[in-house]
Structure formats: structure tokens, C-alpha cells
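Engineer: Contents of start.pdb (PDB, C-alpha atoms) are below:
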ATOM      1  CA  MET R 527     -27.950 200.278  74.383
ATOM      2  CA  ASN R 528     -24.882 200.162  76.624
ATOM      3  CA  LEU R 529     -22.770 203.229  77.400
ATOM      4  CA  HIS R 530     -19.749 202.219  75.318
ATOM      5  CA  ARG R 531     -21.869 201.607  72.240
ATOM      6  CA  GLN R 532     -23.655 204.955  72.688
ATOM      7  CA  LEU R 533     -20.386 206.852  73.045
ATOM      8  CA  PHE R 534     -18.794 204.999  70.120
ATOM      9  CA  ARG R 535     -21.767 205.889  67.929
ATOM     10  CA  SER R 536     -21.642 209.480  69.202
ATOM     11  CA  GLN R 537     -18.081 209.915  67.893
ATOM     12  CA  ARG R 538     -19.566 210.735  64.490
ATOM     13  CA  TYR R 539     -20.823 214.007  66.021
ATOM     14  CA  PHE R 540     -17.238 215.073  66.680
ATOM     15  CA  SER R 541     -16.052 214.425  63.120
ATOM     16  CA  PRO R 542     -17.493 217.640  61.577
ATOM     17  CA  LEU R 543     -15.428 219.683  64.040
ATOM     18  CA  PHE R 544     -12.165 218.496  62.569
ATOM     19  CA  ARG R 545     -12.795 218.920  58.843
ATOM     20  CA  ASN R 546     -10.872 221.626  57.036
ATOM     21  CA  TYR R 547     -13.507 224.309  56.481
ATOM     22  CA  GLY R 548     -11.112 226.813  54.929
ATOM     23  CA  THR R 549     -10.634 230.528  55.417
ATOM     24  CA  ASP R 550     -11.810 232.087  58.676
ATOM     25  CA  SER R 551     -13.085 228.913  60.360
ATOM     26  CA  GLN R 552     -12.939 229.217  64.113
ATOM     27  CA  VAL R 553     -12.475 226.146  66.317
ATOM     28  CA  TRP R 554     -12.434 226.340  70.097
ATOM     29  CA  SER R 555     -12.437 223.494  72.584
ATOM     30  CA  GLU R 556     -12.058 223.027  76.295
ATOM     31  CA  LYS R 557     -11.685 219.977  78.478
ATOM     32  CA  ARG R 558     -12.045 220.068  82.247
ATOM     33  CA  ILE R 559     -13.114 217.958  85.186
ATOM     34  CA  VAL R 560     -15.867 219.505  87.274
ATOM     35  CA  GLY R 561     -17.580 218.592  90.530
ATOM     36  CA  TYR R 562     -20.993 217.805  89.047
ATOM     37  CA  SER R 563     -22.449 214.540  87.733
ATOM     38  CA  CYS R 564     -23.058 213.790  84.057
ATOM     39  CA  ASP R 565     -26.811 213.928  84.715
ATOM     40  CA  GLN R 566     -26.593 217.366  86.306
ATOM     41  CA  LEU R 567     -24.503 218.850  83.485
ATOM     42  CA  PHE R 568     -26.640 217.189  80.823
ATOM     43  CA  ASN R 569     -29.751 218.722  82.404
ATOM     44  CA  VAL R 570     -28.225 222.204  82.259
ATOM     45  CA  VAL R 571     -26.909 221.971  78.683
ATOM     46  CA  SER R 572     -29.908 220.182  77.146
ATOM     47  CA  LYS R 573     -32.466 222.720  78.466
ATOM     48  CA  VAL R 574     -32.017 225.102  75.549
ATOM     49  CA  GLU R 575     -35.221 226.974  76.412
ATOM     50  CA  ASN R 576     -33.446 228.350  79.518
ATOM     51  CA  TYR R 577     -30.355 229.712  77.746
ATOM     52  CA  GLN R 578     -31.680 233.278  77.623
ATOM     53  CA  GLU R 579     -31.781 233.256  81.432
ATOM     54  CA  PHE R 580     -28.072 232.659  81.982
ATOM     55  CA  ILE R 581     -25.924 232.717  78.829
ATOM     56  CA  PRO R 582     -24.260 236.057  78.073
ATOM     57  CA  TYR R 583     -25.333 237.508  74.719
ATOM     58  CA  CYS R 584     -28.248 235.046  74.357
ATOM     59  CA  LYS R 585     -31.330 237.254  74.183
ATOM     60  CA  LYS R 586     -33.869 234.654  73.078
ATOM     61  CA  SER R 587     -34.055 230.841  73.196
ATOM     62  CA  VAL R 588     -37.320 229.221  72.141
ATOM     63  CA  VAL R 589     -37.733 225.482  71.541
ATOM     64  CA  THR R 590     -39.912 225.011  68.463
ATOM     65  CA  LEU R 591     -39.847 221.208  68.235
ATOM     66  CA  ARG R 592     -39.035 218.557  70.834
ATOM     67  CA  ARG R 593     -38.694 214.810  70.350
ATOM     68  CA  ASP R 594     -37.300 212.065  72.606
ATOM     69  CA  SER R 595     -33.638 212.707  71.843
ATOM     70  CA  SER R 596     -33.681 215.856  69.720
ATOM     71  CA  LEU R 597     -35.053 219.361  69.502
ATOM     72  CA  SER R 598     -34.981 222.490  67.375
ATOM     73  CA  ALA R 599     -34.680 225.953  68.866
ATOM     74  CA  ASN R 600     -34.654 229.510  67.608
ATOM     75  CA  LEU R 601     -31.857 231.545  69.161
ATOM     76  CA  VAL R 602     -31.033 235.240  69.090
ATOM     77  CA  ILE R 603     -27.486 236.244  70.000
ATOM     78  CA  ARG R 604     -26.728 239.957  70.371
ATOM     79  CA  PHE R 605     -23.270 241.549  70.353
ATOM     80  CA  GLN R 606     -23.868 245.253  70.789
ATOM     81  CA  PRO R 607     -23.048 247.362  68.853
ATOM     82  CA  PHE R 608     -21.869 244.935  66.185
ATOM     83  CA  PHE R 609     -24.749 242.637  65.228
ATOM     84  CA  ASN R 610     -27.733 240.494  66.130
ATOM     85  CA  ILE R 611     -27.637 236.865  65.039
ATOM     86  CA  SER R 612     -30.846 234.840  64.689
ATOM     87  CA  TYR R 613     -30.624 231.176  63.762
ATOM     88  CA  THR R 614     -32.176 227.773  64.328
ATOM     89  CA  SER R 615     -30.199 225.179  66.239
ATOM     90  CA  HIS R 616     -30.886 221.465  65.789
ATOM     91  CA  VAL R 617     -29.898 219.644  68.979
ATOM     92  CA  THR R 618     -29.326 215.913  69.467
ATOM     93  CA  CYS R 619     -29.057 214.410  72.945
ATOM     94  CA  VAL R 620     -27.727 211.081  74.240
ATOM     95  CA  LYS R 621     -28.702 211.255  77.910
ATOM     96  CA  PRO R 622     -26.629 211.882  80.013
ATOM     97  CA  TYR R 623     -23.448 211.818  77.947
ATOM     98  CA  LEU R 624     -23.753 213.976  74.860
ATOM     99  CA  VAL R 625     -25.423 217.135  73.542
ATOM    100  CA  THR R 626     -24.659 218.278  69.996
ATOM    101  CA  ALA R 627     -26.027 221.271  68.132
ATOM    102  CA  VAL R 628     -25.863 222.067  64.438
ATOM    103  CA  CYS R 629     -27.019 225.229  62.743
ATOM    104  CA  LYS R 630     -28.518 224.574  59.339
ATOM    105  CA  ASP R 631     -29.153 228.257  58.581
ATOM    106  CA  MET R 632     -26.746 228.536  55.695
ATOM    107  CA  LYS R 633     -27.595 232.201  55.105
ATOM    108  CA  LEU R 634     -25.644 233.167  58.206
ATOM    109  CA  PHE R 635     -23.154 230.352  58.789
ATOM    110  CA  GLU R 636     -21.184 228.209  56.430
ATOM    111  CA  HIS R 637     -21.140 225.863  59.408
ATOM    112  CA  LEU R 638     -21.780 225.932  63.166
ATOM    113  CA  HIS R 639     -21.281 222.797  65.270
ATOM    114  CA  THR R 640     -21.251 222.555  69.055
ATOM    115  CA  VAL R 641     -20.502 219.415  71.066
ATOM    116  CA  TRP R 642     -20.753 218.798  74.812
ATOM    117  CA  LYS R 643     -19.538 215.382  75.942
ATOM    118  CA  PHE R 644     -19.843 214.277  79.580
ATOM    119  CA  THR R 645     -17.786 211.360  80.923
ATOM    120  CA  PRO R 646     -17.741 210.171  84.547
ATOM    121  CA  ASP R 647     -14.314 210.774  86.086
ATOM    122  CA  LEU R 648     -12.556 207.449  86.698
ATOM    123  CA  ASP R 649     -11.034 208.673  89.970
ATOM    124  CA  ASN R 650     -14.316 210.039  91.325
ATOM    125  CA  PRO R 651     -17.611 209.087  89.614
ATOM    126  CA  LYS R 652     -19.323 212.085  91.259
ATOM    127  CA  ASN R 653     -17.135 214.293  89.048
ATOM    128  CA  THR R 654     -17.399 214.656  85.282
ATOM    129  CA  GLN R 655     -14.939 215.273  82.512
ATOM    130  CA  VAL R 656     -16.498 217.873  80.227
ATOM    131  CA  ASP R 657     -15.324 218.034  76.623
ATOM    132  CA  PHE R 658     -16.711 221.114  74.905
ATOM    133  CA  ALA R 659     -16.005 222.108  71.314
ATOM    134  CA  VAL R 660     -17.430 224.665  68.918
ATOM    135  CA  SER R 661     -16.543 225.117  65.259
ATOM    136  CA  PHE R 662     -18.008 227.822  63.055
ATOM    137  CA  LYS R 663     -17.557 229.903  59.970
ATOM    138  CA  PHE R 664     -19.741 232.821  58.997
ATOM    139  CA  GLN R 665     -20.787 233.441  55.395
ATOM    140  CA  ASN R 666     -20.026 237.130  55.894
ATOM    141  CA  SER R 667     -16.341 238.050  56.363
ATOM    142  CA  TYR R 668     -17.343 240.992  58.603
ATOM    143  CA  HIS R 669     -19.042 238.621  61.066
ATOM    144  CA  SER R 670     -15.978 236.353  60.955
ATOM    145  CA  TYR R 671     -13.671 239.260  61.703
ATOM    146  CA  ILE R 672     -15.745 240.474  64.665
ATOM    147  CA  ALA R 673     -16.112 236.930  66.025
ATOM    148  CA  ALA R 674     -12.346 236.382  65.831
ATOM    149  CA  LEU R 675     -11.824 239.448  68.036
ATOM    150  CA  PHE R 676     -14.132 238.206  70.799
ATOM    151  CA  ILE R 677     -14.298 234.408  70.530
ATOM    152  CA  ASP R 678     -12.005 233.688  73.495
ATOM    153  CA  ASP R 679     -14.016 235.883  75.828
ATOM    154  CA  ILE R 680     -17.379 234.681  74.522
ATOM    155  CA  VAL R 681     -16.642 230.968  74.824
ATOM    156  CA  LYS R 682     -15.007 231.278  78.249
ATOM    157  CA  LYS R 683     -18.043 233.215  79.487
ATOM    158  CA  ASN R 684     -20.348 230.546  78.043
ATOM    159  CA  MET R 685     -18.555 227.671  79.779
ATOM    160  CA  ASN R 686     -18.606 229.605  83.055
ATOM    161  CA  ALA R 687     -22.280 230.473  82.550
ATOM    162  CA  PHE R 688     -23.185 226.775  82.299
ATOM    163  CA  LEU R 689     -21.171 225.980  85.434
ATOM    164  CA  THR R 690     -22.745 228.897  87.307
ATOM    165  CA  ARG R 691     -26.178 227.624  86.258
ATOM    166  CA  ALA R 692     -25.266 224.162  87.595
ATOM    167  CA  GLU R 693     -24.279 225.809  90.884
ATOM    168  CA  VAL R 694     -27.638 227.623  91.078
ATOM    169  CA  LEU R 695     -29.520 224.372  90.449
ATOM    170  CA  TYR R 696     -27.346 221.850  92.327
ATOM    171  CA  GLY R 697     -25.226 223.796  94.798
ATOM    172  CA  ARG R 698     -21.553 224.625  94.867
ATOM    173  CA  GLU R 699     -19.411 222.145  92.948
ATOM    174  CA  LYS R 700     -17.018 219.859  94.747
ATOM    175  CA  LYS R 701     -13.498 221.183  94.186
ATOM    176  CA  VAL R 702     -11.471 219.255  91.635
ATOM    177  CA  LYS R 703      -7.691 219.454  91.420
ATOM    178  CA  MET R 704      -7.207 219.754  87.672
ATOM    179  CA  LYS R 705      -6.702 222.676  85.355
ATOM    180  CA  SER R 706      -8.769 222.969  82.229
ATOM    181  CA  GLU R 707      -7.216 222.359  78.841
ATOM    182  CA  ILE R 708      -8.181 224.980  76.288
ATOM    183  CA  ILE R 709      -7.493 224.736  72.578
ATOM    184  CA  LYS R 710      -8.265 227.525  70.144
ATOM    185  CA  GLN R 711      -7.600 227.159  66.470
ATOM    186  CA  ASN R 712      -8.187 229.393  63.493
ATOM    187  CA  LYS R 713      -8.250 227.400  60.287
ATOM    188  CA  ARG R 714      -7.173 229.117  57.132
ATOM    189  CA  SER R 715      -7.115 227.492  53.737
ATOM    190  CA  LYS R 716      -3.868 227.478  51.800
ATOM    191  CA  THR R 717      -3.810 229.479  48.607
ATOM    192  CA  GLY R 718      -1.340 229.402  45.777
ATOM    193  CA  ALA R 719       0.836 226.500  44.633
TER     194      ALA R 719
END
Please lay out the structure from this file as C-alpha cells.

Structural biologist:
Amino acid sequence: MNLHRQLFRSQRYFSPLFRNYGTDSQVWSEKRIVGYSCDQLFNVVSKVENYQEFIPYCKKSVVTLRRDSSLSANLVIRFQPFFNISYTSHVTCVKPYLVTAVCKDMKLFEHLHTVWKFTPDLDNPKNTQVDFAVSFKFQNSYHSYIAALFIDDIVKKNMNAFLTRAEVLYGREKKVKMKSEIIKQNKRSKTGA
């Protein structure tokens, strides 16, 4: 399957991120060009079993099922002193351009979707445009409240953790002259007339 067809088909993975999920949904996205190849970034993001080694707050990451282009993993995220979160993530991969994760543990989340999209930079194919987005809503309003307080810091640390991991594996990134574009959105449903 050619690249354009794969990416066109992968657009359906972005659609859940833009639905109106109602009160206390958190949406966060970032776009930046980095000095690593799509293959290198894909290899870092798709190796879920290594997350506990480098992602802040991730205390456990165990792959329980692996297929050609998908996997399931049990994750434990700890925010001391507030809470521990255990859930199963179902990950789909389109090498080397896309990694999506969906949590189907509806006891904890109403929804949790994460998307990493890697596109070769047109000006320099050794660089990659990274589009990262996460959308979530907890079932419990307490968890939503705590997450809203820390989401900026958590997601920024996560993006930097992945880039630091790429540096450990592939060396220092080639400098790119472009600022990242960060979008944070809290969705609230409208009530009343």
C-alpha cells in the first residue's frame, strides 16, 4: 500500500479526537519538526514495553499481546500523592508514520485516545514533522479535576521524554529552526437552553 493511501486511511484515527465529549474532556496537541527520521521516532513511540524506563509517571508498561501492526499493553501511571491509574492500551501502528492508542477500560476513562503521526519534512527528509494529540475524559470528576491541574506539565514532559529517548538511541538531534505549535483545549458541554 502506498504512503498516501496509508495516511489517508489513518485519518480515521484522528476523528475521535475532535468529537464533542462533553464536560471535563481534555484535549492537548502539539506539532513540531524534529531532527530525527520517521523510522527513528516510530521505533521509540511504538516500543510501549520500554515506556517505564523513560516516561515520567509511567511505573509499569507490559505488552500482553503483539500482532503485526497492533498490540495491547497494561500500563500503570502514578501521580503521587493523588492516584495510581492502571489501564490497558490498545495500540495500532502504521510503520513508520502512525501510532495510535485507545483505552477501552471504561471503568476509569470515558475515553482516552492518543495519536502520534510522523511525516517527513518536505524541506529536509532527514527531519520529521511530529503531530501528537491526546484526548481524554475520566469517569470520576476528581480524576478530571486533578488531571486539569497538571495536564500541561505532564504532556510537555512526555513529549520531551520521547525526544530524550530518541537522543539516547540515535544521538543528538539535528537542530531545526521551527518552534512547536501547542494547542490545549478543555471541552465543556453546554447546559441550559

Engineer: Taking the file as I've supplied it (selection: the PyMOL selection byres ((chain R and resi 574) around 8)), which residues are included? Please answer as a list in words.

Structural biologist: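 Output from the PyMOL selection byres ((chain R and resi 574) around 8), applied to this file: Val571, Ser572, Lys573, Glu575, Asn576, Tyr577, Ser587, Val588, Val589 and Ala599 of chain R.
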
Engineer: Take the residues that were just selected and, keeping C-alpha atoms, output them as an mmCIF file, keeping the file's coordinate frame.

Structural biologist:
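Contents of out.cif, freshly written:
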data_model
loop_
_atom_site.group_PDB
_atom_site.id
_atom_site.type_symbol
_atom_site.label_atom_id
_atom_site.label_comp_id
_atom_site.auth_asym_id
_atom_site.auth_seq_id
_atom_site.Cartn_x
_atom_site.Cartn_y
_atom_site.Cartn_z
ATOM 1 C CA VAL R 571 -26.909 221.971 78.683
ATOM 2 C CA SER R 572 -29.908 220.182 77.146
ATOM 3 C CA LYS R 573 -32.466 222.720 78.466
ATOM 4 C CA GLU R 575 -35.221 226.974 76.412
ATOM 5 C CA ASN R 576 -33.446 228.350 79.518
ATOM 6 C CA TYR R 577 -30.355 229.712 77.746
ATOM 7 C CA SER R 587 -34.055 230.841 73.196
ATOM 8 C CA VAL R 588 -37.320 229.221 72.141
ATOM 9 C CA VAL R 589 -37.733 225.482 71.541
ATOM 10 C CA ALA R 599 -34.680 225.953 68.866
#

Engineer: In terms of the shortest atom-to-atom distance over all atoms listed in the file, which of R:Tyr613, R:Phe644, R:Tyr671, R:Phe662 is closest to R:Gly561?

Structural biologist: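 Residue with the minimum atom-to-atom distance to R:Gly561: R:Phe644.
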
Engineer: Using all atoms listed in the file, pick whichever of R:Tyr583, R:Ser563, R:Asp594, R:Ser667 has the shortest atom-to-atom distance to R:Lys683.

Structural biologist: R:Tyr583

Engineer: When the PyMOL selection byres ((chain R and resi 628-639) around 9) is applied to the file above, which residues end up in the set, as a list in words?

Structural biologist: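 With the shown file as input, the PyMOL selection byres ((chain R and resi 628-639) around 9) matches Tyr539, Phe540, Pro542, Leu543, Tyr547, Ser551, Ile611, Ser612, Tyr613, Thr614, Ser615, His616, Val617, Thr618, Thr626, Ala627, Thr640, Val641, Ala659, Val660, Ser661, Phe662, Lys663, Phe664, Gln665 and Asn666 of chain R.
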
Engineer: Using the chain letters and numbering of this document, enumerate as JSON, numbers by chain the residues selected by the PyMOL selection byres ((chain R and resi 685-698) around 10).

Structural biologist: {"R": [556, 560, 561, 562, 563, 566, 567, 568, 569, 570, 571, 576, 577, 579, 580, 581, 582, 658, 680, 681, 682, 683, 684, 699, 700, 701]}

Engineer: As an exercise, work out the distance from atom CA of R:Val553 to atom CA of R:Phe676 in Å and give it to one decimal place.

Structural biologist: 13.0 Å

Engineer: Just the residues within 10 Å of R:Pro651, please, counting all atoms listed in the file, with nothing from its chain fewer than 3 positions along; format it as a list in words.

Structural biologist: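 Non-adjacent residues within range: Gly561, Tyr562, Ser563, Cys564, Thr645, Pro646, Asp647, Leu648, Thr654 and Gln655 of chain R.
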
Engineer: For the selection you just gave me, I'd like the residues written to a file as an mmCIF file, keeping the file's coordinate frame, keeping C-alpha atoms.

Structural biologist:
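And here is the file that came out, result.cif:
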data_model
loop_
_atom_site.group_PDB
_atom_site.id
_atom_site.type_symbol
_atom_site.label_atom_id
_atom_site.label_comp_id
_atom_site.auth_asym_id
_atom_site.auth_seq_id
_atom_site.Cartn_x
_atom_site.Cartn_y
_atom_site.Cartn_z
ATOM 1 C CA GLY R 561 -17.580 218.592 90.530
ATOM 2 C CA TYR R 562 -20.993 217.805 89.047
ATOM 3 C CA SER R 563 -22.449 214.540 87.733
ATOM 4 C CA CYS R 564 -23.058 213.790 84.057
ATOM 5 C CA THR R 645 -17.786 211.360 80.923
ATOM 6 C CA PRO R 646 -17.741 210.171 84.547
ATOM 7 C CA ASP R 647 -14.314 210.774 86.086
ATOM 8 C CA LEU R 648 -12.556 207.449 86.698
ATOM 9 C CA THR R 654 -17.399 214.656 85.282
ATOM 10 C CA GLN R 655 -14.939 215.273 82.512
#

Engineer: Which of these, R:Cys584, R:Ile559, R:Val702, R:Leu624, has the shortest distance to R:Arg604 once you count all atoms listed in the file?

Structural biologist: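 Closest residue, counting all atoms listed in the file: R:Cys584.
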
Engineer: Expressed in Å to a single decimal, how great is the separation between atom CA of R:Tyr668 and atom CA of R:Lys586?

Structural biologist: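 Between atom CA of R:Tyr668 and atom CA of R:Lys586 the gap works out to 22.9 Å.
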
Engineer: Just give me the gap between atom CA of R:Val602 and atom CA of R:Lys585 in Å, one decimal is fine.

Structural biologist: 5.5 Å

Engineer: Rank R:Trp554, R:Leu601, R:Asp565, R:Ser596 by their smallest atom-to-atom distance to R:Asn653, using only C-alpha atoms, and report the top residue only.

Structural biologist: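 Among R:Trp554, R:Leu601, R:Asp565, R:Ser596, it is R:Asp565 that comes nearest to R:Asn653.
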